[in-house]
>>> print(open('query.txt').read())   # compact mmCIF, C-alpha atoms and all ligand atoms
# COMPACT_ATOMS: atom_id res chain seq x y z
CA MET A 854 19.36 45.14 -44.62
CA PRO A 855 22.63 43.20 -44.31
CA ASP A 856 25.06 43.33 -47.23
CA ALA A 857 22.93 45.83 -49.18
CA ASP A 858 24.18 46.98 -52.60
CA ALA A 859 27.18 44.68 -52.51
CA LEU A 860 28.65 41.85 -54.52
CA HIS A 861 30.54 39.05 -52.78
CA ARG A 862 32.83 36.64 -54.59
CA PHE A 863 33.74 33.28 -53.19
CA LEU A 864 35.74 30.21 -54.19
CA PHE A 865 35.49 26.59 -53.19
CA ALA A 866 38.95 25.71 -51.93
CA GLN A 867 38.92 22.07 -53.01
CA VAL A 868 37.31 22.29 -56.46
CA PRO A 869 37.70 24.68 -59.43
CA ILE A 870 34.32 26.36 -58.99
CA ARG A 871 33.66 29.97 -58.14
CA GLY A 872 30.61 31.74 -56.88
CA GLU A 873 29.12 35.17 -56.28
CA VAL A 874 26.23 36.62 -54.34
CA VAL A 875 24.79 40.03 -55.17
CA ARG A 876 22.13 42.12 -53.49
CA LEU A 877 20.83 45.37 -55.00
CA ASN A 878 18.73 47.66 -52.85
CA GLN A 879 19.25 51.41 -53.38
CA THR A 880 20.61 50.67 -56.87
CA TRP A 881 17.41 48.83 -57.77
CA CYS A 882 15.12 51.38 -56.07
CA THR A 883 16.77 54.21 -58.02
CA VAL A 884 16.06 52.41 -61.32
CA GLN A 885 12.42 51.98 -60.30
CA ALA A 886 12.13 55.59 -59.12
CA ASN A 887 13.33 56.92 -62.49
CA ARG A 888 10.38 55.41 -64.34
CA ASN A 889 7.17 53.79 -63.27
CA TYR A 890 7.63 50.21 -64.46
CA PRO A 891 4.50 48.03 -64.37
CA PRO A 892 4.71 45.25 -61.75
CA PRO A 893 4.95 42.31 -64.23
CA LEU A 894 8.02 43.94 -65.77
CA ARG A 895 9.73 44.67 -62.47
CA ARG A 896 10.59 41.09 -61.68
CA ALA A 897 12.31 40.52 -65.03
CA MET A 898 14.17 43.83 -64.76
CA GLY A 899 15.35 43.17 -61.22
CA GLU A 900 16.49 39.68 -62.17
CA LEU A 901 18.34 40.98 -65.23
CA MET A 902 20.06 43.60 -63.06
CA ALA A 903 21.21 41.02 -60.54
CA ALA A 904 22.42 38.78 -63.39
CA ALA A 905 24.30 41.66 -65.04
CA ALA A 906 26.19 42.42 -61.83
CA LEU A 907 27.05 38.73 -61.34
CA LEU A 908 28.31 38.26 -64.91
CA THR A 909 30.19 41.56 -65.03
CA ALA A 910 32.08 40.55 -61.90
CA THR A 911 33.39 37.45 -63.74
CA LEU A 912 35.03 39.59 -66.46
CA LYS A 913 38.75 40.25 -66.56
CA MET A 914 38.49 43.36 -68.77
CA GLN A 915 37.77 46.92 -67.65
CA GLY A 916 34.78 48.53 -69.31
CA SER A 917 31.11 47.66 -69.33
CA MET A 918 28.70 44.87 -70.12
CA ILE A 919 25.28 45.49 -71.65
CA LEU A 920 22.56 42.83 -71.51
CA GLN A 921 19.59 43.31 -73.84
CA LEU A 922 16.41 41.32 -74.29
CA GLN A 923 14.53 42.30 -77.42
CA GLY A 924 11.24 40.73 -78.41
CA HIS A 925 7.94 41.01 -80.24
CA GLY A 926 5.81 40.82 -77.09
CA PRO A 927 4.34 43.75 -75.11
CA VAL A 928 7.83 44.39 -73.72
CA SER A 929 10.01 45.14 -76.73
CA LEU A 930 13.25 45.94 -74.93
CA LEU A 931 14.95 45.41 -71.61
CA VAL A 932 18.45 46.84 -71.21
CA VAL A 933 20.85 46.66 -68.30
CA GLU A 934 24.32 48.14 -68.37
CA CYS A 935 26.91 47.35 -65.73
CA GLY A 936 30.43 48.76 -65.53
CA THR A 937 33.28 46.65 -64.18
CA GLN A 938 33.29 48.99 -61.14
CA LEU A 939 29.71 47.71 -60.64
CA THR A 940 27.93 50.94 -61.51
CA MET A 941 24.61 50.13 -63.14
CA ARG A 942 21.70 51.55 -65.07
CA ALA A 943 18.66 49.96 -66.71
CA THR A 944 15.64 50.78 -68.81
CA ALA A 945 12.81 49.09 -70.70
CA LYS A 946 10.33 49.77 -73.50
CA TRP A 947 6.81 48.43 -73.35
CA ALA A 948 3.35 49.15 -74.71
CA GLY A 949 -0.13 48.78 -73.23
CA GLU A 950 -1.21 46.66 -70.29
CA LEU A 951 1.26 43.94 -69.43
CA PRO A 952 0.01 40.41 -68.83
CA GLU A 953 0.86 38.69 -65.55
CA GLY A 954 3.08 35.75 -66.25
CA GLY A 955 6.59 34.78 -67.16
CA LEU A 956 9.18 36.27 -69.40
CA LYS A 957 7.74 34.49 -72.46
CA GLU A 958 4.40 36.29 -72.09
CA LEU A 959 6.16 39.64 -71.66
CA VAL A 960 8.89 39.56 -74.27
CA GLY A 961 7.66 36.88 -76.67
CA ASP A 962 10.00 35.61 -79.36
CA GLY A 963 13.13 37.58 -79.80
CA ARG A 964 16.80 37.72 -79.12
CA PHE A 965 19.24 38.16 -76.32
CA ALA A 966 22.44 40.17 -76.78
CA ILE A 967 25.49 40.62 -74.62
CA THR A 968 27.78 43.50 -75.54
CA LEU A 969 31.19 44.01 -73.99
CA GLU A 970 32.61 47.50 -74.31
CA PRO A 971 36.24 47.54 -73.14
CA ARG A 972 37.55 50.88 -71.90
CA GLY A 973 40.08 52.71 -74.05
CA GLY A 974 38.44 52.26 -77.45
CA ARG A 975 39.33 48.58 -77.83
CA GLN A 976 37.15 46.38 -80.02
CA THR A 977 33.56 45.95 -78.87
CA TYR A 978 32.34 42.37 -78.66
CA GLN A 979 28.73 41.35 -79.19
CA GLY A 980 27.13 37.93 -78.87
CA ILE A 981 23.53 37.47 -80.02
CA VAL A 982 21.36 34.39 -79.58
CA PRO A 983 17.63 33.64 -79.91
CA LEU A 984 15.70 33.95 -76.64
CA GLU A 985 15.72 30.43 -75.26
CA GLY A 986 14.27 29.70 -71.86
CA GLY A 987 11.37 30.78 -69.71
CA SER A 988 13.31 32.94 -67.25
CA VAL A 989 16.19 35.39 -67.17
CA ALA A 990 18.33 32.74 -65.45
CA ASP A 991 17.54 30.13 -68.16
CA ILE A 992 18.38 32.52 -70.98
CA LEU A 993 21.70 33.49 -69.47
CA GLN A 994 22.66 29.93 -68.55
CA ASN A 995 21.97 28.83 -72.13
CA TYR A 996 23.97 31.73 -73.49
CA MET A 997 26.96 31.08 -71.23
CA MET A 998 26.96 27.37 -72.07
CA HIS A 999 26.59 27.64 -75.85
CA SER A 1000 28.42 30.86 -76.63
CA GLU A 1001 31.09 30.99 -73.94
CA GLN A 1002 31.40 27.25 -73.17
CA LEU A 1003 31.23 28.17 -69.50
CA GLU A 1004 29.06 26.05 -67.29
CA THR A 1005 27.21 28.64 -65.19
CA ARG A 1006 24.16 28.46 -62.95
CA LEU A 1007 22.19 31.45 -61.71
CA TRP A 1008 19.50 31.81 -59.06
CA LEU A 1009 17.78 35.19 -59.29
CA TYR A 1010 15.12 36.93 -57.28
CA ALA A 1011 13.52 40.37 -57.37
CA ASN A 1012 10.75 42.13 -55.49
CA GLU A 1013 10.10 45.86 -55.12
CA LYS A 1014 12.85 46.40 -52.57
CA THR A 1015 15.57 43.96 -53.51
CA ALA A 1016 17.06 42.31 -56.56
CA ALA A 1017 19.40 39.49 -55.63
CA GLY A 1018 21.29 36.65 -57.22
CA LEU A 1019 23.59 33.73 -56.68
CA LEU A 1020 26.00 32.43 -59.32
CA LEU A 1021 28.10 29.29 -59.56
CA GLN A 1022 30.55 28.87 -62.40
CA LYS A 1023 33.15 26.29 -63.33
CA LEU A 1024 36.52 27.99 -63.59
CA PRO A 1025 37.57 28.10 -67.25
CA GLY A 1026 40.51 25.92 -68.28
CA ARG A 1027 40.61 23.96 -65.03
CA PRO A 1028 39.63 20.33 -65.45
CA GLU A 1029 37.46 19.16 -62.62
CA GLN A 1030 39.05 16.53 -60.43
CA ASP A 1031 36.03 15.89 -58.29
CA ASP A 1032 33.56 14.79 -60.99
CA ASP A 1033 30.56 15.09 -58.81
CA ALA A 1034 31.45 18.47 -57.27
CA TRP A 1035 29.58 20.60 -59.80
CA ASN A 1036 26.36 18.61 -59.46
CA ARG A 1037 26.66 18.47 -55.70
CA LEU A 1038 27.22 22.24 -55.32
CA CYS A 1039 24.40 23.04 -57.77
CA ARG A 1040 22.04 20.80 -55.82
CA LEU A 1041 22.96 22.62 -52.61
CA ALA A 1042 22.57 26.06 -54.22
CA GLU A 1043 19.23 24.94 -55.64
CA THR A 1044 17.81 24.87 -52.11
CA VAL A 1045 18.26 28.64 -51.69
CA GLN A 1046 15.07 30.42 -50.64
CA ALA A 1047 14.06 33.86 -51.95
CA THR A 1048 14.08 35.28 -48.42
CA GLU A 1049 17.58 33.92 -47.76
CA LEU A 1050 18.89 35.36 -51.00
CA SER A 1051 17.36 38.76 -50.38
CA GLN A 1052 17.72 39.14 -46.61
CA LEU A 1053 20.28 36.89 -44.97
CA ASP A 1054 23.83 38.16 -44.41
CA VAL A 1055 26.14 36.51 -46.91
CA VAL A 1056 28.35 34.67 -44.40
CA THR A 1057 25.30 32.96 -42.89
CA LEU A 1058 23.80 32.32 -46.32
CA LEU A 1059 26.92 30.53 -47.59
CA ARG A 1060 27.28 28.58 -44.36
CA ARG A 1061 23.67 27.41 -44.65
CA LEU A 1062 23.97 26.39 -48.27
CA PHE A 1063 27.46 24.89 -48.29
CA HIS A 1064 28.13 24.00 -44.65
CA GLU A 1065 30.34 21.01 -45.44
CA GLU A 1066 32.38 22.80 -48.09
CA ASP A 1067 35.54 24.86 -47.64
CA VAL A 1068 34.40 28.28 -48.93
CA ARG A 1069 36.77 31.27 -49.27
CA LEU A 1070 34.81 34.50 -49.19
CA PHE A 1071 36.43 37.69 -50.52
CA GLU A 1072 35.91 41.34 -49.53
CA PRO A 1073 32.61 42.64 -50.94
CA GLN A 1074 32.47 45.19 -53.74
CA PRO A 1075 29.90 48.01 -53.57
CA VAL A 1076 27.28 48.26 -56.34
CA SER A 1077 25.61 51.56 -57.23
CA PHE A 1078 23.39 53.29 -59.77
CA HIS A 1079 25.17 55.53 -62.24
CA CYS A 1080 24.09 56.94 -65.58
CA GLY A 1081 26.87 58.10 -67.86
CA CYS A 1082 24.68 60.33 -70.02
CA SER A 1083 25.84 63.90 -70.59
CA ARG A 1084 25.15 66.92 -72.76
CA ASP A 1085 28.10 65.82 -74.87
CA SER A 1086 26.60 62.40 -75.51
CA VAL A 1087 23.33 64.04 -76.65
CA ALA A 1088 25.31 66.39 -78.93
CA ARG A 1089 27.04 63.36 -80.43
CA LEU A 1090 23.67 61.79 -81.02
CA LEU A 1091 22.48 64.92 -82.86
CA ARG A 1092 25.57 64.80 -85.06
CA LEU A 1093 24.84 61.16 -85.83
CA LEU A 1094 21.28 62.05 -86.87
CA GLY A 1095 22.73 64.62 -89.27
CA PRO A 1096 21.79 68.23 -90.09
CA THR A 1097 18.71 67.46 -92.21
CA GLU A 1098 16.86 65.53 -89.56
CA VAL A 1099 18.00 67.83 -86.76
CA HIS A 1100 16.84 70.93 -88.65
CA ASP A 1101 13.48 69.28 -89.31
CA MET A 1102 13.09 68.63 -85.59
CA LEU A 1103 14.01 72.23 -84.77
CA ARG A 1104 11.47 73.57 -87.27
CA GLU A 1105 8.72 71.40 -85.80
CA GLN A 1106 9.47 71.87 -82.12
CA GLY A 1107 11.43 75.11 -81.80
CA ALA A 1108 14.04 73.40 -79.64
CA ILE A 1109 15.22 69.84 -79.22
CA GLU A 1110 14.40 68.25 -75.91
CA VAL A 1111 15.79 64.88 -75.04
CA SER A 1112 15.32 63.02 -71.81
CA CYS A 1113 17.54 60.14 -70.86
CA GLU A 1114 15.65 56.86 -70.73
CA PHE A 1115 17.89 55.55 -67.99
CA CYS A 1116 17.89 58.42 -65.48
CA ASN A 1117 15.26 60.88 -66.76
CA ARG A 1118 17.70 63.79 -66.94
CA ARG A 1119 16.47 66.31 -69.49
CA TYR A 1120 18.64 68.03 -72.05
CA CYS A 1121 17.40 71.01 -74.06
CA PHE A 1122 19.09 72.24 -77.22
CA GLU A 1123 17.90 75.62 -78.49
CA ALA A 1124 18.56 76.48 -82.15
CA GLU A 1125 21.91 78.04 -81.34
CA ASP A 1126 23.09 75.12 -79.18
CA THR A 1127 22.03 72.73 -81.92
CA GLU A 1128 24.11 74.55 -84.54
CA GLN A 1129 27.06 74.47 -82.17
CA ALA A 1130 26.56 70.72 -81.59
CA LEU A 1131 26.46 70.08 -85.35
CA ARG A 1132 29.59 72.18 -85.91
CA ASP A 1133 31.67 70.66 -83.11
CA ALA A 1134 34.52 68.46 -84.22
CA VAL A 1135 33.45 64.85 -84.31
CA GLY A 1136 34.92 63.29 -81.19
CA THR A 1137 35.54 59.62 -80.73
CA TYR A 1138 32.22 57.88 -80.80
CA ASP A 1139 31.87 55.70 -77.75
CA ILE A 1140 28.96 54.04 -75.98
CA PRO A 1141 25.77 55.16 -77.71
CA THR A 1142 23.37 56.44 -75.11
CA ARG A 1143 19.85 55.35 -75.95
CA HIS A 1144 17.46 58.26 -76.27
ZN ZN A 1201 21.02 59.36 -68.04
>>> encode(input="query.txt", output="structure tokens", more="lines below")
Ligand SMILES: [Zn+2]
Amino acid sequence: MPDADALHRFLFAQVPIRGEVVRLNQTWCTVQANRNYPPPLRRAMGELMAAAALLTATLKMQGSMILQLQGHGPVSLLVVECGTQLTMRATAKWAGELPEGGLKELVGDGRFAITLEPRGGRQTYQGIVPLEGGSVADILQNYMMHSEQLETRLWLYANEKTAAGLLLQKLPGRPEQDDDAWNRLCRLAETVQATELSQLDVVTLLRRLFHEEDVRLFEPQPVSFHCGCSRDSVARLLRLLGPTEVHDMLREQGAIEVSCEFCNRRYCFEAEDTEQALRDAVGTYDIPTRH
């Protein structure tokens, strides 16, 4: 597979518009291998992963971006986290048989949240909007337009083997000289086929889509799966729950077993370990790992 697990940035030399192409292969397969996601959910997850990589690569900060779809449908939660080094993890919560259909049928009414967690304990930022749009791309485009005032278009695709995406974005703070450029480039990008997005090498893909434009393509960045969970993060979680609840759990189960919803790693805390975890000095509380 050409350009597997890589993100490519590009710029149009004549107009203030940037673009990116991402293709996730092993990264996406690892997410699917960790848990058995039902087929209707896979497409939305793959698309959200591709979108997370594309949006994270537009950030100037160092840290991570978390995209969450929460709803009242059969899928109650979809979470993708992407670090600015393009390390990713993802998980979802669902109940029962999932209907075939679009995102609306799966997630129902709900909300979409973007959280930015800068490295080094700087202020976390969170933007939350109602779920508006019938696809992952629609929801993110609406969010970027209304909350960030950044005109952004996304084309996303996911099957079992590949999650891929194409992004175009107007550069912030740069008035457009060529009024029609944005519409023209979006119309060209619109013609992209799923097979091109998921299989064609990026140089050929960009040449096919924008053959009359002057495109500057940058060195690709690798994308990979990584879960930052650790025994320490589980211990922090136990401290957050507090001694009463933790002791109740110990009484009921004998030991506390937690498995990470992102990577399936299992952590076991026997009574003694649990006491130690509760006693340990409270460290700085960073990214809460969902368990
Ligand atoms: Zn994990």
>>> atom_distance(input="query.txt", atom1="CA of Ala990 in chain A", atom2="CA of Gly872 in chain A")
15.0 Å
>>> residues_near_point(input="query.txt", point="(32.2, 46.3, -51.3)", cutoff="8 Å", atoms="only C-alpha atoms", output="compact mmCIF listing (two decimals) with C-alpha atoms, keeping the file's coordinate frame")
# COMPACT_ATOMS: atom_id res chain seq x y z
CA ALA A 859 27.18 44.68 -52.51
CA LEU A 860 28.65 41.85 -54.52
CA HIS A 861 30.54 39.05 -52.78
CA GLU A 1072 35.91 41.34 -49.53
CA PRO A 1073 32.61 42.64 -50.94
CA GLN A 1074 32.47 45.19 -53.74
CA PRO A 1075 29.90 48.01 -53.57
CA VAL A 1076 27.28 48.26 -56.34
>>> residues_near_ligand(input="query.txt", ligand="ligand ZN 1201 (chain A)", cutoff="7 Å", atoms="only C-alpha atoms and all ligand atoms", output="ChimeraX atom specification")
/A:1080-1082,1113-1118
>>> residues_around(input="query.txt", residues="Gly1107 in chain A", least_positions_apart="2", cutoff="12 Å", atoms="all atoms listed in the file", output="ChimeraX atom specification")
/A:1099-1105,1109-1110,1121-1127
>>> atom_distance(input="query.txt", atom1="CA of Ala903 in chain A", atom2="CA of Ser917 in chain A")
14.8 Å
>>> residues_around(input="query.txt", residues="range 918-932 of chain A", least_positions_apart="3", cutoff="8 Å", atoms="all atoms listed in the file", output="ChimeraX atom specification")
/A:894,898,901,905,909,935-937,943-951,958-970,984
>>> residues_around(input="query.txt", residues="Met902 in chain A", least_positions_apart="2", cutoff="8 Å", atoms="all atoms listed in the file", output="list in words")
Trp881, Met898, Gly899, Glu900, Ala904, Ala905, Ala906, Val933, Met941, Ala943 and Ala1016 of chain A
>>> write_last_selection(input="query.txt", atoms="C-alpha atoms", output="CSV table (one decimal), in the frame of the given file")
chain,number,residue,atom,x,y,z
A,881,TRP,CA,17.4,48.8,-57.8
A,898,MET,CA,14.2,43.8,-64.8
A,899,GLY,CA,15.4,43.2,-61.2
A,900,GLU,CA,16.5,39.7,-62.2
A,904,ALA,CA,22.4,38.8,-63.4
A,905,ALA,CA,24.3,41.7,-65.0
A,906,ALA,CA,26.2,42.4,-61.8
A,933,VAL,CA,20.8,46.7,-68.3
A,941,MET,CA,24.6,50.1,-63.1
A,943,ALA,CA,18.7,50.0,-66.7
A,1016,ALA,CA,17.1,42.3,-56.6
>>> closest_residue(input="query.txt", among="A:Ala1034, A:Leu1019, A:Val989, A:Leu912", to="Ala1047 in chain A", atoms="only C-alpha atoms")
A:Leu1019
>>> closest_residue(input="query.txt", among="A:Val1056, A:Leu1024, A:Leu1093, A:Val874", to="Arg862 in chain A", atoms="only C-alpha atoms")
A:Val874
>>> residues_around(input="query.txt", residues="range 1035-1037 of chain A", least_positions_apart="3", cutoff="12 Å", atoms="all atoms listed in the file", output="list in words")
Phe865, Gln867, Val868, Pro869, Ile870, Arg871, Gly872, Glu1004, Thr1005, Arg1006, Leu1021, Gln1022, Lys1023, Leu1024, Pro1028, Glu1029, Gln1030, Asp1031, Asp1032, Arg1040, Leu1041, Ala1042, Glu1043, Thr1044, Leu1062, Phe1063, Glu1065 and Glu1066 of chain A
>>> atom_distance(input="query.txt", atom1="CA of Leu939 in chain A", atom2="CA of Gly916 in chain A")
10.1 Å
>>> closest_residue(input="query.txt", among="A:Asp1054, A:Glu1049, A:Glu873, A:Asp1085", to="Leu1070 in chain A", atoms="all atoms listed in the file")
A:Glu873
>>> closest_residue(input="query.txt", among="A:Val1068, A:Leu956, A:Gly1018, A:Leu877", to="Leu1038 in chain A", atoms="only C-alpha atoms")
A:Val1068
>>> closest_residue(input="query.txt", among="A:Val1055, A:Ala897, A:Val982, A:Val1087", to="Leu1009 in chain A", atoms="all atoms listed in the file")
A:Ala897
>>> residues_around(input="query.txt", residues="Asp991 in chain A", least_positions_apart="5", cutoff="10 Å", atoms="only C-alpha atoms", output="JSON, numbers by chain")
{"A": [984, 985, 986, 996, 997, 1006, 1007, 1008]}
>>> closest_residue(input="query.txt", among="A:Leu1059, A:Leu1053, A:Met998, A:Leu907", to="Val875 in chain A", atoms="all atoms listed in the file")
A:Leu907
